[in-house]
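Reading through the structure tokens given below for one structure.
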Amino acid sequence: MPDPALDLLSKTFASAMLLNADPDGVAAAIQKELPILTSEQEAKQTEVLALSENFPSSASELNAALSGKKFILGTDKPSLADLIIYARVRQPVTENWSSEEYKSNANIILWADRIQKSEILLAQKPDESVFISTAALGSKEKKTKKEKGPKPQPAKKEVVPITPALVDLRVGFIQKAVKHPDADALYVSTIEMGDSTGPRTVCSGLVKHIPLDEMQQRYVIVVANLKPVTMRGIRSEAMVLCAANEEKVELVIPPEGSKAGDKVFFEGFDGTPEPQLNPKKKIFETLQPNFTTNEKLEVVFKSEEGSRLLINKAGKVVLAPSLVSAEVR
């Protein structure tokens with residue numbers, strides 16, 4: 001280090017930090033710990049030292065020069081420039097800056113804090129009462145892994161009551177049905193349900209109850225948001241709704257004038273269905289035992305408030321062909 005620079009360090013830094021030791025001795029001790037600079041860094045050092053002579057009017061430029069840097073020349077530990085500039089800015093900052101100036105020049109404050117914590121400075125036993133505080137920033141340096149704050153509490157999940165509104169009940173149109181090639185009790189139907197992606201494939205265990213010709217070209221009610229399941233190698237994407245007792249199973253009848261995709265719902269539960277029912281929550285399994293038919297063959301949901309009809313938006317009711325007080329599933 002040239003003598004003029006060493007002299008600058010002794011006069012500027014040691015006195016500014018209120019060190020009790022001989023300034024020349026302090027400067028000499030610090031000199032031994034300074035990083036070796038490249039020619040490019042030495043040129044940059046001259047530039048930033050000149051910039052700091054105009055502090056605090058040059059605060060914004062100095063703050064920009066420190067952006068993304070640990071120390072001002074890009075070194076791993078404080079350089080001569082860091083120490084001299086720190087000594088120049090310390091007093092104006094601590095005595096005159098408002099909290100807003102602290103925040104708008106956060107790069108300077110965080111850089112100063114790193115210098116204050118560096119071994120090169122602490123070894124000289126400075127008067128820490130003159131240090132620049134980071135309190136106005138709201139926190140010290142960016143938190144490290146060791147300085148993790150308390151974990152944020154997860155937001156409480158809203159408990160959604162289980163009601164028929166969660167079930168996506170629609171009118172479907174069976175384009176065709178065939179027997180499952182690998183399951184004697186199953187039909188495989190192609191059913192239009194109003195989806196933009198086209199018809200869905202649905203497997204239903206109705207072979208023993210409904211003749212194949214009655215499964216063709218007809219309207220039905222489907223449960224459209226059950227999780228798809230694979231049945232003997234064929235993916236089934238919905239369920240056909242039927243009325244049943246111990247002796248008979250029959251397809252329920254959509255309201256007159258229905259078309260594929262029309263929504264049906266139980267009175268009082270015209271909500272937004274879940275996109276797909278979560279099997280773990282057993283929503284359909286909880287509700288389905290309350291699906292039944294009344295003495296008028298109307299499909300209803302039995303609730304604490306009474307029976308609720310399964311209707312379309314026009315108020316027309318879904319019916320069973322013949323079964324009274326039957327389970328609807």
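All residue names refer to the structure tokens as shown: chains lettered A, B, ... in order, residues numbered from 1 in each chain, ligands numbered from 1 in order.
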Q: Tell me, as a PyMOL selection string, which residues lie within 10 Å of Lys176 in chain A, counting only C-alpha atoms; anything in the same chain fewer than 5 positions away does not count.
A: chain A and resi 188-192+212-213+215-218
Got time to write the residues from that selection, all heavy atoms, as a PDB file, in the first residue's frame?
```
ATOM      1  N   VAL A 188     -70.773 -51.149 -20.696  1.00  0.00           N
ATOM      2  CA  VAL A 188     -69.888 -50.019 -20.988  1.00  0.00           C
ATOM      3  C   VAL A 188     -70.659 -49.075 -21.891  1.00  0.00           C
ATOM      4  O   VAL A 188     -70.974 -49.408 -23.038  1.00  0.00           O
ATOM      5  CB  VAL A 188     -68.573 -50.467 -21.666  1.00  0.00           C
ATOM      6  CG1 VAL A 188     -67.683 -49.253 -21.938  1.00  0.00           C
ATOM      7  CG2 VAL A 188     -67.839 -51.476 -20.790  1.00  0.00           C
ATOM      8  N   SER A 189     -70.986 -47.883 -21.352  1.00  0.00           N
ATOM      9  CA  SER A 189     -71.818 -46.930 -22.090  1.00  0.00           C
ATOM     10  C   SER A 189     -71.003 -45.713 -22.511  1.00  0.00           C
ATOM     11  O   SER A 189     -70.090 -45.276 -21.804  1.00  0.00           O
ATOM     12  CB  SER A 189     -72.990 -46.470 -21.219  1.00  0.00           C
ATOM     13  OG  SER A 189     -73.772 -47.560 -20.790  1.00  0.00           O
ATOM     14  N   THR A 190     -71.363 -45.168 -23.650  1.00  0.00           N
ATOM     15  CA  THR A 190     -70.814 -43.883 -24.100  1.00  0.00           C
ATOM     16  C   THR A 190     -71.908 -42.846 -23.868  1.00  0.00           C
ATOM     17  O   THR A 190     -72.976 -42.914 -24.491  1.00  0.00           O
ATOM     18  CB  THR A 190     -70.435 -43.938 -25.591  1.00  0.00           C
ATOM     19  OG1 THR A 190     -69.467 -44.981 -25.792  1.00  0.00           O
ATOM     20  CG2 THR A 190     -69.847 -42.613 -26.045  1.00  0.00           C
ATOM     21  N   ILE A 191     -71.629 -41.908 -22.946  1.00  0.00           N
ATOM     22  CA  ILE A 191     -72.688 -40.996 -22.506  1.00  0.00           C
ATOM     23  C   ILE A 191     -72.268 -39.543 -22.727  1.00  0.00           C
ATOM     24  O   ILE A 191     -71.208 -39.102 -22.267  1.00  0.00           O
ATOM     25  CB  ILE A 191     -73.024 -41.213 -21.011  1.00  0.00           C
ATOM     26  CG1 ILE A 191     -73.412 -42.684 -20.770  1.00  0.00           C
ATOM     27  CG2 ILE A 191     -74.149 -40.287 -20.578  1.00  0.00           C
ATOM     28  CD1 ILE A 191     -73.769 -42.994 -19.320  1.00  0.00           C
ATOM     29  N   GLU A 192     -73.108 -38.813 -23.426  1.00  0.00           N
ATOM     30  CA  GLU A 192     -72.919 -37.376 -23.610  1.00  0.00           C
ATOM     31  C   GLU A 192     -73.440 -36.655 -22.369  1.00  0.00           C
ATOM     32  O   GLU A 192     -74.575 -36.858 -21.940  1.00  0.00           O
ATOM     33  CB  GLU A 192     -73.684 -36.903 -24.856  1.00  0.00           C
ATOM     34  CG  GLU A 192     -73.691 -35.402 -25.059  1.00  0.00           C
ATOM     35  CD  GLU A 192     -72.304 -34.822 -25.220  1.00  0.00           C
ATOM     36  OE1 GLU A 192     -71.513 -35.364 -26.020  1.00  0.00           O
ATOM     37  OE2 GLU A 192     -72.004 -33.828 -24.527  1.00  0.00           O
ATOM     38  N   LEU A 212     -80.180 -54.868 -22.511  1.00  0.00           N
ATOM     39  CA  LEU A 212     -79.239 -54.045 -23.271  1.00  0.00           C
ATOM     40  C   LEU A 212     -79.962 -53.061 -24.189  1.00  0.00           C
ATOM     41  O   LEU A 212     -79.539 -51.911 -24.348  1.00  0.00           O
ATOM     42  CB  LEU A 212     -78.307 -54.936 -24.086  1.00  0.00           C
ATOM     43  CG  LEU A 212     -77.213 -54.214 -24.914  1.00  0.00           C
ATOM     44  CD1 LEU A 212     -76.330 -53.353 -24.027  1.00  0.00           C
ATOM     45  CD2 LEU A 212     -76.382 -55.234 -25.689  1.00  0.00           C
ATOM     46  N   ASP A 213     -81.080 -53.489 -24.784  1.00  0.00           N
ATOM     47  CA  ASP A 213     -81.766 -52.587 -25.708  1.00  0.00           C
ATOM     48  C   ASP A 213     -82.373 -51.377 -25.006  1.00  0.00           C
ATOM     49  O   ASP A 213     -82.611 -50.344 -25.637  1.00  0.00           O
ATOM     50  CB  ASP A 213     -82.839 -53.343 -26.506  1.00  0.00           C
ATOM     51  CG  ASP A 213     -83.931 -53.926 -25.627  1.00  0.00           C
ATOM     52  OD1 ASP A 213     -83.705 -54.074 -24.407  1.00  0.00           O
ATOM     53  OD2 ASP A 213     -85.019 -54.238 -26.149  1.00  0.00           O
ATOM     54  N   MET A 215     -80.781 -49.745 -22.798  1.00  0.00           N
ATOM     55  CA  MET A 215     -79.637 -48.890 -22.466  1.00  0.00           C
ATOM     56  C   MET A 215     -79.175 -48.073 -23.673  1.00  0.00           C
ATOM     57  O   MET A 215     -78.138 -47.433 -23.630  1.00  0.00           O
ATOM     58  CB  MET A 215     -78.470 -49.759 -21.967  1.00  0.00           C
ATOM     59  CG  MET A 215     -78.713 -50.456 -20.651  1.00  0.00           C
ATOM     60  SD  MET A 215     -78.739 -49.291 -19.244  1.00  0.00           S
ATOM     61  CE  MET A 215     -77.051 -48.709 -19.239  1.00  0.00           C
ATOM     62  N   GLN A 216     -79.974 -48.069 -24.742  1.00  0.00           N
ATOM     63  CA  GLN A 216     -79.569 -47.379 -25.965  1.00  0.00           C
ATOM     64  C   GLN A 216     -80.367 -46.087 -26.176  1.00  0.00           C
ATOM     65  O   GLN A 216     -81.569 -46.042 -25.938  1.00  0.00           O
ATOM     66  CB  GLN A 216     -79.787 -48.296 -27.176  1.00  0.00           C
ATOM     67  CG  GLN A 216     -79.254 -49.703 -27.042  1.00  0.00           C
ATOM     68  CD  GLN A 216     -77.735 -49.760 -26.889  1.00  0.00           C
ATOM     69  OE1 GLN A 216     -77.009 -48.919 -27.409  1.00  0.00           O
ATOM     70  NE2 GLN A 216     -77.246 -50.775 -26.183  1.00  0.00           N
ATOM     71  N   GLN A 217     -79.648 -45.045 -26.601  1.00  0.00           N
ATOM     72  CA  GLN A 217     -80.286 -43.811 -27.054  1.00  0.00           C
ATOM     73  C   GLN A 217     -81.358 -43.318 -26.075  1.00  0.00           C
ATOM     74  O   GLN A 217     -82.509 -43.063 -26.454  1.00  0.00           O
ATOM     75  CB  GLN A 217     -80.914 -44.027 -28.446  1.00  0.00           C
ATOM     76  CG  GLN A 217     -79.915 -44.320 -29.545  1.00  0.00           C
ATOM     77  CD  GLN A 217     -79.134 -43.090 -29.954  1.00  0.00           C
ATOM     78  OE1 GLN A 217     -79.710 -42.084 -30.393  1.00  0.00           O
ATOM     79  NE2 GLN A 217     -77.811 -43.147 -29.809  1.00  0.00           N
ATOM     80  N   ARG A 218     -80.975 -43.133 -24.845  1.00  0.00           N
ATOM     81  CA  ARG A 218     -81.930 -42.661 -23.849  1.00  0.00           C
ATOM     82  C   ARG A 218     -81.269 -41.685 -22.884  1.00  0.00           C
ATOM     83  O   ARG A 218     -80.051 -41.688 -22.688  1.00  0.00           O
ATOM     84  CB  ARG A 218     -82.541 -43.826 -23.094  1.00  0.00           C
ATOM     85  CG  ARG A 218     -81.575 -44.582 -22.203  1.00  0.00           C
ATOM     86  CD  ARG A 218     -82.307 -45.630 -21.388  1.00  0.00           C
ATOM     87  NE  ARG A 218     -83.250 -45.026 -20.435  1.00  0.00           N
ATOM     88  CZ  ARG A 218     -84.164 -45.713 -19.773  1.00  0.00           C
ATOM     89  NH1 ARG A 218     -84.287 -47.022 -19.974  1.00  0.00           N
ATOM     90  NH2 ARG A 218     -84.964 -45.120 -18.918  1.00  0.00           N
TER      91      ARG A 218
END
```
Q: Determine, counting only C-alpha atoms, which protein, DNA and RNA residues have an atom within 10 Å of an atom of range 111-118 of chain A; residues of the same chain fewer than 6 positions away are not included. Present the result as a VMD selection string.
A: chain A and resid 63 66 to 67 69 to 72 77 to 79 82 to 83 85 to 87 89 to 90 126 128 131 to 134 140 to 141
Q.
Which of range 175-313 of chain A end up as helix (DSSP H, G or I) when DSSP is run on this backbone - answer as a ChimeraX atom specification?
A. /A:212-215,279-281,283-290
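Distances here use only C-alpha atoms; by that measure, the residue among A:Ala238, A:Val318, A:Val48, A:Val159 closest to Ile253 in chain A is A:Val318.
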Q | Residues near Ala165 in chain A, cut-off 7 Å, only C-alpha atoms, skip fewer than 4 positions along chain, as a PyMOL selection string | A | chain A and resi 269-273
Q. Which residues come within 10 Å of Glu42 in chain A, counting only C-alpha atoms, excluding same-chain residues fewer than 5 positions away, as a list in words?
A. Ile36, Leu37, Glu47, Leu73, Leu80 and Ala81 of chain A
Keeping C-alpha atoms, export the residues of the selection given above as a compact mmCIF listing (two decimals), in the first residue's frame.
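Resulting contents of result_37.txt:
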```txt
# COMPACT_ATOMS: atom_id res chain seq x y z
CA ILE A 36 -4.86 -8.12 -2.42
CA LEU A 37 -6.50 -6.17 -5.25
CA GLU A 47 -13.13 5.94 -8.24
CA LEU A 73 -14.86 -3.78 -4.63
CA LEU A 80 -9.00 -0.16 2.14
CA ALA A 81 -11.83 1.54 0.24
```
Q: For each of A:Leu169, A:Met231, A:Leu51, A:Leu186, take the minimum atom-to-atom distance to Ile311 in chain A, counting only C-alpha atoms, then give the residue where this is smallest.
A: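 Using only C-alpha atoms, Ile311 in chain A sits closest to A:Leu169.
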Q. Looking at only C-alpha atoms, which of A:Gln276, A:Ser39, A:Thr201, A:Asn107 is the one that sits closest to Gly68 in chain A?
A.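 When distances to Gly68 in chain A are compared using only C-alpha atoms, the smallest one comes from A:Asn107.
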Q: Report the distance between CA of Ala260 in chain A and CA of Ser196 in chain A in Å, rounded to one decimal place.
A: 11.8 Å
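Between CA of Val222 in chain A and CA of Asp168 in chain A the separation is 8.2 Å.
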Q. From the list A:Thr94, A:Pro275, A:Ala59, A:Glu40, which residue is nearest Val130 in chain A when using only C-alpha atoms?
A.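 The shortest atom-to-atom distance to Val130 in chain A comes from A:Thr94.
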